[in-house]
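K.L.:
File name target15.txt; file contents compact mmCIF, N, CA and C atoms; full text below.
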```txt
# COMPACT_ATOMS: atom_id res chain seq x y z
N MET A 167 -0.57 22.59 -2.70
CA MET A 167 -0.09 22.51 -4.05
C MET A 167 1.18 21.66 -4.09
N GLU A 168 1.28 20.80 -5.07
CA GLU A 168 2.41 19.90 -5.20
C GLU A 168 3.61 20.65 -5.77
N THR A 169 4.79 20.38 -5.21
CA THR A 169 5.99 21.02 -5.72
C THR A 169 6.64 20.11 -6.75
N MET A 170 7.30 20.72 -7.71
CA MET A 170 7.95 19.96 -8.76
C MET A 170 9.32 19.51 -8.30
N SER A 171 9.73 18.33 -8.73
CA SER A 171 11.04 17.81 -8.41
C SER A 171 12.10 18.63 -9.14
N THR A 172 13.23 18.85 -8.46
CA THR A 172 14.31 19.59 -9.09
C THR A 172 15.17 18.66 -9.96
N THR A 173 15.00 17.35 -9.81
CA THR A 173 15.72 16.39 -10.62
C THR A 173 15.02 16.25 -11.96
N LEU A 174 15.80 16.40 -13.03
CA LEU A 174 15.23 16.28 -14.36
C LEU A 174 15.18 14.83 -14.79
N LEU A 175 14.17 14.51 -15.53
CA LEU A 175 13.97 13.17 -16.03
C LEU A 175 14.68 13.03 -17.37
N ASP A 176 15.50 12.01 -17.51
CA ASP A 176 16.16 11.73 -18.79
C ASP A 176 15.13 10.96 -19.63
N GLU A 177 14.51 11.69 -20.57
CA GLU A 177 13.42 11.10 -21.35
C GLU A 177 13.86 9.87 -22.13
N ARG A 178 15.06 9.89 -22.68
CA ARG A 178 15.55 8.76 -23.45
C ARG A 178 15.66 7.51 -22.56
N GLN A 179 16.23 7.68 -21.39
CA GLN A 179 16.38 6.56 -20.45
C GLN A 179 15.02 6.08 -19.95
N TYR A 180 14.11 7.02 -19.68
CA TYR A 180 12.78 6.65 -19.19
C TYR A 180 12.01 5.89 -20.27
N ARG A 181 12.09 6.34 -21.50
CA ARG A 181 11.42 5.63 -22.61
C ARG A 181 11.97 4.21 -22.74
N LYS A 182 13.29 4.06 -22.58
CA LYS A 182 13.91 2.73 -22.65
C LYS A 182 13.33 1.82 -21.55
N LEU A 183 13.22 2.36 -20.33
CA LEU A 183 12.64 1.58 -19.22
C LEU A 183 11.18 1.21 -19.52
N LEU A 184 10.43 2.17 -20.05
CA LEU A 184 9.03 1.90 -20.38
C LEU A 184 8.92 0.83 -21.47
N ASP A 185 9.80 0.90 -22.48
CA ASP A 185 9.79 -0.11 -23.54
C ASP A 185 10.11 -1.50 -22.99
N GLU A 186 11.05 -1.57 -22.05
CA GLU A 186 11.45 -2.85 -21.47
C GLU A 186 10.35 -3.42 -20.56
N THR A 187 9.71 -2.54 -19.82
CA THR A 187 8.72 -2.96 -18.81
C THR A 187 7.32 -3.10 -19.39
N LEU A 188 6.97 -2.24 -20.31
CA LEU A 188 5.65 -2.19 -20.92
C LEU A 188 4.54 -2.15 -19.85
N PRO A 189 4.53 -1.07 -19.04
CA PRO A 189 3.47 -0.97 -18.03
C PRO A 189 2.11 -0.74 -18.69
N VAL A 190 1.11 -1.46 -18.21
CA VAL A 190 -0.25 -1.37 -18.76
C VAL A 190 -1.25 -1.40 -17.61
N VAL A 191 -2.48 -0.99 -17.91
CA VAL A 191 -3.55 -1.20 -16.95
C VAL A 191 -3.70 -2.71 -16.84
N ILE A 192 -3.57 -3.23 -15.65
CA ILE A 192 -3.52 -4.68 -15.44
C ILE A 192 -4.91 -5.28 -15.55
N ARG A 193 -5.03 -6.28 -16.43
CA ARG A 193 -6.31 -6.96 -16.63
C ARG A 193 -6.24 -8.46 -16.37
N THR A 194 -5.02 -9.01 -16.31
CA THR A 194 -4.88 -10.45 -16.10
C THR A 194 -3.88 -10.73 -14.98
N GLU A 195 -3.95 -11.93 -14.45
CA GLU A 195 -3.00 -12.34 -13.41
C GLU A 195 -1.58 -12.38 -13.97
N ALA A 196 -1.44 -12.73 -15.27
CA ALA A 196 -0.11 -12.78 -15.89
C ALA A 196 0.50 -11.38 -15.94
N GLU A 197 -0.29 -10.39 -16.33
CA GLU A 197 0.21 -9.01 -16.34
C GLU A 197 0.54 -8.55 -14.93
N TYR A 198 -0.30 -8.90 -13.99
CA TYR A 198 -0.08 -8.56 -12.58
C TYR A 198 1.24 -9.15 -12.10
N SER A 199 1.43 -10.43 -12.37
CA SER A 199 2.65 -11.12 -11.94
C SER A 199 3.89 -10.49 -12.57
N ARG A 200 3.82 -10.19 -13.86
CA ARG A 200 4.95 -9.60 -14.57
C ARG A 200 5.34 -8.25 -13.99
N LEU A 201 4.36 -7.38 -13.76
CA LEU A 201 4.65 -6.04 -13.24
C LEU A 201 5.05 -6.09 -11.77
N LEU A 202 4.47 -7.02 -11.03
CA LEU A 202 4.83 -7.19 -9.62
C LEU A 202 6.29 -7.64 -9.50
N THR A 203 6.71 -8.53 -10.37
CA THR A 203 8.10 -9.00 -10.38
C THR A 203 9.06 -7.85 -10.68
N THR A 204 8.70 -7.02 -11.64
CA THR A 204 9.53 -5.86 -12.00
C THR A 204 9.62 -4.89 -10.84
N ALA A 205 8.49 -4.61 -10.20
CA ALA A 205 8.47 -3.68 -9.07
C ALA A 205 9.30 -4.25 -7.91
N ALA A 206 9.16 -5.54 -7.65
CA ALA A 206 9.91 -6.16 -6.55
C ALA A 206 11.41 -6.08 -6.80
N ALA A 207 11.83 -6.28 -8.05
CA ALA A 207 13.26 -6.19 -8.37
C ALA A 207 13.79 -4.77 -8.11
N LEU A 208 13.00 -3.77 -8.45
CA LEU A 208 13.42 -2.39 -8.20
C LEU A 208 13.47 -2.10 -6.70
N MET A 209 12.52 -2.62 -5.95
CA MET A 209 12.46 -2.34 -4.51
C MET A 209 13.57 -3.05 -3.75
N GLU A 210 14.14 -4.11 -4.31
CA GLU A 210 15.23 -4.82 -3.64
C GLU A 210 16.54 -4.04 -3.68
N ARG A 211 16.64 -3.11 -4.62
CA ARG A 211 17.86 -2.33 -4.75
C ARG A 211 17.91 -1.24 -3.69
N PRO A 212 19.13 -0.89 -3.24
CA PRO A 212 19.24 0.22 -2.28
C PRO A 212 18.68 1.51 -2.89
N GLU A 213 17.98 2.27 -2.08
CA GLU A 213 17.30 3.47 -2.56
C GLU A 213 18.24 4.45 -3.25
N ASP A 214 19.46 4.58 -2.73
CA ASP A 214 20.39 5.55 -3.33
C ASP A 214 20.97 5.08 -4.67
N GLU A 215 20.68 3.84 -5.07
CA GLU A 215 21.14 3.32 -6.36
C GLU A 215 20.04 3.36 -7.43
N ILE A 216 18.84 3.81 -7.05
CA ILE A 216 17.73 3.87 -7.99
C ILE A 216 17.74 5.25 -8.66
N SER A 217 17.77 5.24 -9.98
CA SER A 217 17.78 6.50 -10.72
C SER A 217 16.41 7.18 -10.64
N GLU A 218 16.37 8.44 -11.03
CA GLU A 218 15.10 9.18 -11.06
C GLU A 218 14.11 8.47 -11.98
N GLU A 219 14.58 7.96 -13.11
CA GLU A 219 13.72 7.28 -14.07
C GLU A 219 13.18 5.97 -13.49
N GLU A 220 14.03 5.23 -12.80
CA GLU A 220 13.58 3.99 -12.16
C GLU A 220 12.60 4.28 -11.03
N GLY A 221 12.84 5.35 -10.31
CA GLY A 221 11.93 5.74 -9.24
C GLY A 221 10.55 6.10 -9.78
N ARG A 222 10.53 6.81 -10.89
CA ARG A 222 9.25 7.16 -11.51
C ARG A 222 8.54 5.92 -12.04
N LEU A 223 9.31 4.99 -12.62
CA LEU A 223 8.72 3.73 -13.09
C LEU A 223 8.14 2.95 -11.92
N LEU A 224 8.86 2.88 -10.82
CA LEU A 224 8.37 2.17 -9.64
C LEU A 224 7.09 2.80 -9.12
N GLU A 225 7.02 4.12 -9.12
CA GLU A 225 5.81 4.82 -8.68
C GLU A 225 4.63 4.47 -9.59
N LEU A 226 4.86 4.46 -10.89
CA LEU A 226 3.82 4.10 -11.85
C LEU A 226 3.36 2.65 -11.64
N LEU A 227 4.31 1.74 -11.49
CA LEU A 227 3.97 0.33 -11.27
C LEU A 227 3.17 0.16 -9.98
N SER A 228 3.54 0.89 -8.95
CA SER A 228 2.82 0.81 -7.67
C SER A 228 1.36 1.21 -7.83
N ILE A 229 1.12 2.26 -8.60
CA ILE A 229 -0.26 2.72 -8.83
C ILE A 229 -1.04 1.66 -9.61
N LEU A 230 -0.43 1.12 -10.65
CA LEU A 230 -1.11 0.10 -11.47
C LEU A 230 -1.39 -1.16 -10.65
N ILE A 231 -0.43 -1.59 -9.85
CA ILE A 231 -0.58 -2.80 -9.04
C ILE A 231 -1.65 -2.60 -7.97
N GLU A 232 -1.62 -1.46 -7.29
CA GLU A 232 -2.61 -1.19 -6.24
C GLU A 232 -4.02 -1.14 -6.82
N GLU A 233 -4.17 -0.49 -7.97
CA GLU A 233 -5.49 -0.41 -8.61
C GLU A 233 -6.00 -1.80 -8.96
N TYR A 234 -5.15 -2.65 -9.50
CA TYR A 234 -5.56 -4.01 -9.85
C TYR A 234 -5.93 -4.81 -8.60
N GLU A 235 -5.11 -4.72 -7.57
CA GLU A 235 -5.40 -5.46 -6.34
C GLU A 235 -6.73 -5.03 -5.73
N ASN A 236 -7.00 -3.74 -5.74
CA ASN A 236 -8.27 -3.24 -5.19
C ASN A 236 -9.46 -3.74 -6.01
N ARG A 237 -9.26 -3.85 -7.31
CA ARG A 237 -10.34 -4.29 -8.20
C ARG A 237 -10.49 -5.82 -8.19
N ALA A 238 -9.40 -6.54 -8.28
CA ALA A 238 -9.45 -8.00 -8.42
C ALA A 238 -9.51 -8.74 -7.09
N HIS A 239 -8.95 -8.14 -6.06
CA HIS A 239 -8.90 -8.80 -4.75
C HIS A 239 -9.32 -7.82 -3.65
N PRO A 240 -10.55 -7.33 -3.71
CA PRO A 240 -10.95 -6.34 -2.70
C PRO A 240 -11.01 -6.97 -1.31
N LEU A 241 -10.73 -6.13 -0.32
CA LEU A 241 -10.86 -6.61 1.06
C LEU A 241 -12.33 -6.82 1.36
N PRO A 242 -12.64 -7.86 2.12
CA PRO A 242 -14.05 -8.13 2.43
C PRO A 242 -14.65 -7.03 3.30
N LYS A 243 -15.95 -6.77 3.11
CA LYS A 243 -16.65 -5.80 3.95
C LYS A 243 -16.93 -6.45 5.30
N ALA A 244 -16.67 -5.71 6.34
CA ALA A 244 -16.89 -6.23 7.69
C ALA A 244 -17.02 -5.06 8.65
N GLU A 245 -17.49 -5.36 9.84
CA GLU A 245 -17.54 -4.35 10.88
C GLU A 245 -16.10 -3.91 11.16
N PRO A 246 -15.90 -2.63 11.50
CA PRO A 246 -14.54 -2.12 11.68
C PRO A 246 -13.67 -2.95 12.64
N HIS A 247 -14.24 -3.38 13.77
CA HIS A 247 -13.41 -4.14 14.72
C HIS A 247 -13.05 -5.52 14.17
N LYS A 248 -13.95 -6.11 13.39
CA LYS A 248 -13.64 -7.40 12.76
C LYS A 248 -12.61 -7.23 11.65
N MET A 249 -12.71 -6.12 10.93
CA MET A 249 -11.73 -5.84 9.88
C MET A 249 -10.35 -5.65 10.50
N LEU A 250 -10.28 -4.96 11.63
CA LEU A 250 -9.01 -4.76 12.31
C LEU A 250 -8.42 -6.10 12.73
N ALA A 251 -9.23 -6.97 13.30
CA ALA A 251 -8.76 -8.30 13.71
C ALA A 251 -8.28 -9.10 12.50
N TYR A 252 -9.02 -9.02 11.42
CA TYR A 252 -8.66 -9.72 10.18
C TYR A 252 -7.31 -9.22 9.66
N LEU A 253 -7.12 -7.90 9.62
CA LEU A 253 -5.88 -7.33 9.11
C LEU A 253 -4.69 -7.70 10.00
N LEU A 254 -4.91 -7.71 11.30
CA LEU A 254 -3.84 -8.12 12.21
C LEU A 254 -3.40 -9.54 11.89
N GLU A 255 -4.36 -10.42 11.69
CA GLU A 255 -4.06 -11.81 11.39
C GLU A 255 -3.33 -11.92 10.04
N GLU A 256 -3.84 -11.22 9.03
CA GLU A 256 -3.25 -11.27 7.69
C GLU A 256 -1.81 -10.76 7.67
N LYS A 257 -1.53 -9.78 8.51
CA LYS A 257 -0.20 -9.16 8.53
C LYS A 257 0.69 -9.76 9.62
N ASN A 258 0.22 -10.86 10.22
CA ASN A 258 0.98 -11.53 11.28
C ASN A 258 1.39 -10.57 12.38
N MET A 259 0.42 -9.75 12.79
CA MET A 259 0.66 -8.78 13.86
C MET A 259 -0.11 -9.19 15.10
N LYS A 260 0.31 -8.65 16.22
CA LYS A 260 -0.37 -8.89 17.49
C LYS A 260 -1.07 -7.59 17.91
N PRO A 261 -2.09 -7.69 18.76
CA PRO A 261 -2.73 -6.47 19.25
C PRO A 261 -1.72 -5.48 19.85
N SER A 262 -0.70 -5.99 20.47
CA SER A 262 0.31 -5.09 21.08
C SER A 262 1.04 -4.25 20.02
N ASP A 263 1.02 -4.68 18.77
CA ASP A 263 1.64 -3.89 17.70
C ASP A 263 0.87 -2.59 17.44
N LEU A 264 -0.37 -2.52 17.94
CA LEU A 264 -1.19 -1.32 17.75
C LEU A 264 -0.95 -0.27 18.84
N TRP A 265 -0.20 -0.63 19.86
CA TRP A 265 0.01 0.28 20.98
C TRP A 265 0.75 1.55 20.57
N THR A 266 1.38 1.54 19.43
CA THR A 266 2.07 2.76 18.99
C THR A 266 1.08 3.84 18.55
N VAL A 267 -0.15 3.43 18.19
CA VAL A 267 -1.15 4.41 17.76
C VAL A 267 -2.40 4.44 18.63
N LEU A 268 -2.59 3.42 19.44
CA LEU A 268 -3.78 3.37 20.32
C LEU A 268 -3.35 3.04 21.75
N PRO A 269 -4.05 3.58 22.74
CA PRO A 269 -3.76 3.19 24.12
C PRO A 269 -4.03 1.68 24.30
N LYS A 270 -3.25 1.07 25.14
CA LYS A 270 -3.32 -0.37 25.38
C LYS A 270 -4.75 -0.82 25.70
N SER A 271 -5.44 -0.10 26.57
CA SER A 271 -6.79 -0.50 26.97
C SER A 271 -7.78 -0.38 25.81
N ARG A 272 -7.59 0.59 24.92
CA ARG A 272 -8.49 0.79 23.77
C ARG A 272 -8.40 -0.37 22.79
N VAL A 273 -7.21 -0.89 22.59
CA VAL A 273 -7.01 -1.97 21.63
C VAL A 273 -7.92 -3.14 21.97
N SER A 274 -7.92 -3.55 23.21
CA SER A 274 -8.75 -4.67 23.65
C SER A 274 -10.23 -4.35 23.50
N GLU A 275 -10.64 -3.15 23.92
CA GLU A 275 -12.05 -2.77 23.81
C GLU A 275 -12.51 -2.74 22.36
N ILE A 276 -11.67 -2.21 21.46
CA ILE A 276 -12.04 -2.14 20.04
C ILE A 276 -12.13 -3.54 19.45
N LEU A 277 -11.12 -4.36 19.68
CA LEU A 277 -11.12 -5.71 19.11
C LEU A 277 -12.28 -6.57 19.62
N ASN A 278 -12.74 -6.30 20.83
CA ASN A 278 -13.89 -7.03 21.39
C ASN A 278 -15.23 -6.42 20.99
N GLY A 279 -15.21 -5.33 20.24
CA GLY A 279 -16.44 -4.69 19.78
C GLY A 279 -17.14 -3.88 20.84
N LYS A 280 -16.46 -3.58 21.94
CA LYS A 280 -17.07 -2.82 23.03
C LYS A 280 -16.92 -1.31 22.83
N ARG A 281 -16.02 -0.92 21.96
CA ARG A 281 -15.80 0.50 21.69
C ARG A 281 -15.59 0.65 20.19
N SER A 282 -16.14 1.74 19.64
CA SER A 282 -15.98 1.98 18.21
C SER A 282 -14.64 2.67 17.95
N ILE A 283 -14.27 2.70 16.69
CA ILE A 283 -13.02 3.34 16.28
C ILE A 283 -13.34 4.78 15.85
N SER A 284 -12.67 5.74 16.48
CA SER A 284 -12.90 7.15 16.14
C SER A 284 -12.28 7.44 14.77
N LYS A 285 -12.64 8.59 14.21
CA LYS A 285 -12.07 8.97 12.91
C LYS A 285 -10.56 9.15 13.00
N THR A 286 -10.10 9.74 14.08
CA THR A 286 -8.66 9.94 14.27
C THR A 286 -7.96 8.59 14.38
N GLN A 287 -8.53 7.69 15.18
CA GLN A 287 -7.95 6.36 15.32
C GLN A 287 -7.97 5.61 13.99
N ALA A 288 -9.04 5.78 13.20
CA ALA A 288 -9.14 5.12 11.90
C ALA A 288 -8.01 5.57 10.99
N ARG A 289 -7.72 6.87 10.99
CA ARG A 289 -6.61 7.39 10.17
C ARG A 289 -5.27 6.82 10.63
N GLN A 290 -5.09 6.76 11.94
CA GLN A 290 -3.84 6.24 12.48
C GLN A 290 -3.67 4.76 12.14
N LEU A 291 -4.75 3.99 12.28
CA LEU A 291 -4.70 2.57 11.96
C LEU A 291 -4.46 2.35 10.46
N ALA A 292 -5.11 3.15 9.64
CA ALA A 292 -4.94 3.03 8.19
C ALA A 292 -3.48 3.30 7.80
N ASP A 293 -2.89 4.32 8.40
CA ASP A 293 -1.48 4.63 8.13
C ASP A 293 -0.57 3.49 8.58
N LEU A 294 -0.82 3.00 9.76
CA LEU A 294 0.01 1.92 10.32
C LEU A 294 -0.10 0.64 9.49
N LEU A 295 -1.32 0.29 9.11
CA LEU A 295 -1.56 -0.97 8.40
C LEU A 295 -1.49 -0.83 6.88
N ARG A 296 -1.35 0.42 6.41
CA ARG A 296 -1.26 0.72 4.97
C ARG A 296 -2.49 0.19 4.21
N VAL A 297 -3.65 0.61 4.71
CA VAL A 297 -4.92 0.25 4.09
C VAL A 297 -5.79 1.51 4.00
N PRO A 298 -6.85 1.48 3.21
CA PRO A 298 -7.74 2.65 3.14
C PRO A 298 -8.45 2.89 4.48
N VAL A 299 -8.59 4.14 4.83
CA VAL A 299 -9.20 4.52 6.10
C VAL A 299 -10.66 4.07 6.19
N ASP A 300 -11.34 3.99 5.04
CA ASP A 300 -12.76 3.63 5.07
C ASP A 300 -13.03 2.21 5.57
N LEU A 301 -12.01 1.41 5.74
CA LEU A 301 -12.20 0.07 6.33
C LEU A 301 -12.59 0.15 7.79
N PHE A 302 -12.29 1.28 8.42
CA PHE A 302 -12.52 1.41 9.86
C PHE A 302 -13.63 2.39 10.22
N VAL A 303 -14.29 2.99 9.24
CA VAL A 303 -15.37 3.93 9.57
C VAL A 303 -16.70 3.43 9.03
```
Can the structure in the file be given as structure tokens, please?
P.N.:
Amino acid sequence: METMSTTLLDERQYRKLLDETLPVVIRTEAEYSRLLTTAAALMERPEDEISEEEGRLLELLSILIEEYENRAHPLPKAEPHKMLAYLLEEKNMKPSDLWTVLPKSRVSEILNGKRSISKTQARQLADLLRVPVDLFV
């Protein structure tokens, strides 16, 4: 069960932020760009300087942006080991960057398609690469 935040939301301030930002379900690249710019500006600020209202707005923008990206720019379907190789390349990572979640010998075997990715490994890789777990199962 989710616990409620003890910090109260200043509705007047939050409404002002919503009026300025006008968050919407993203349907165009222009809307995507506008909301992405707003989210990036908030994320550049130190975390301790972001108000509760700005934090909630950032959370909302993140959900809208992620939903649009998944719909408009879905990751290609591929075999799990090929998807892992693709993601490493896209994120400018090396196989050695996976050693924090996988044994060194497993990384090579998985990337070469000689060993499959277990469910536990898929969850660990998804967390590390910040992608949906179903890309690896």
K.L.:
Using Å and a single decimal, report how far atom N of Leu202 (chain A) sits from atom N of Leu175 (chain A).
P.N.:
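Atom N of Leu202 (chain A) lies at a distance of 24.0 Å from atom N of Leu175 (chain A).
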K.L.:
Considering all atoms listed in the file, return as an MDAnalysis selection string whatever protein or nucleic-acid residues lie within 8 Å of Thr187 (chain A), sequence-local ones (same chain, fewer than 3 positions apart) excluded.
P.N.:
chainID A and resid 181:184 190 200:201 204
K.L.:
As a PyMOL selection string, please: every residue in region 206-240 of chain A that DSSP puts in alpha helix (DSSP H).
P.N.:
chain A and resi 206-210+218-238
K.L.:
So, counting all atoms listed in the file, which residue among A:Ala207, A:Ile276, A:Ala238, A:Val303 is closest to Ala288 (chain A)?
P.N.:
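Closest candidate: A:Val303.
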K.L.:
Please provide the set of residues having any atom within 9 Å of Val273 (chain A), restricted to only C-alpha atoms, with same-chain residues fewer than 4 positions apart removed, written as number ranges by chain.
P.N.:
A: 261-262, 264-265, 268-269, 277-278
K.L.:
Using only N, CA and C atoms, which of the listed residues (A:Ala196, A:Val267, A:Arg211, A:His247) sits closest to Lys280 (chain A)?
P.N.:
A:His247
K.L.:
One number please: atom N of His239 (chain A) to atom N of Tyr198 (chain A), in Å, one decimal.
P.N.:
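Computed distance, atom N of His239 (chain A) to atom N of Tyr198 (chain A), equals 11.8 Å.
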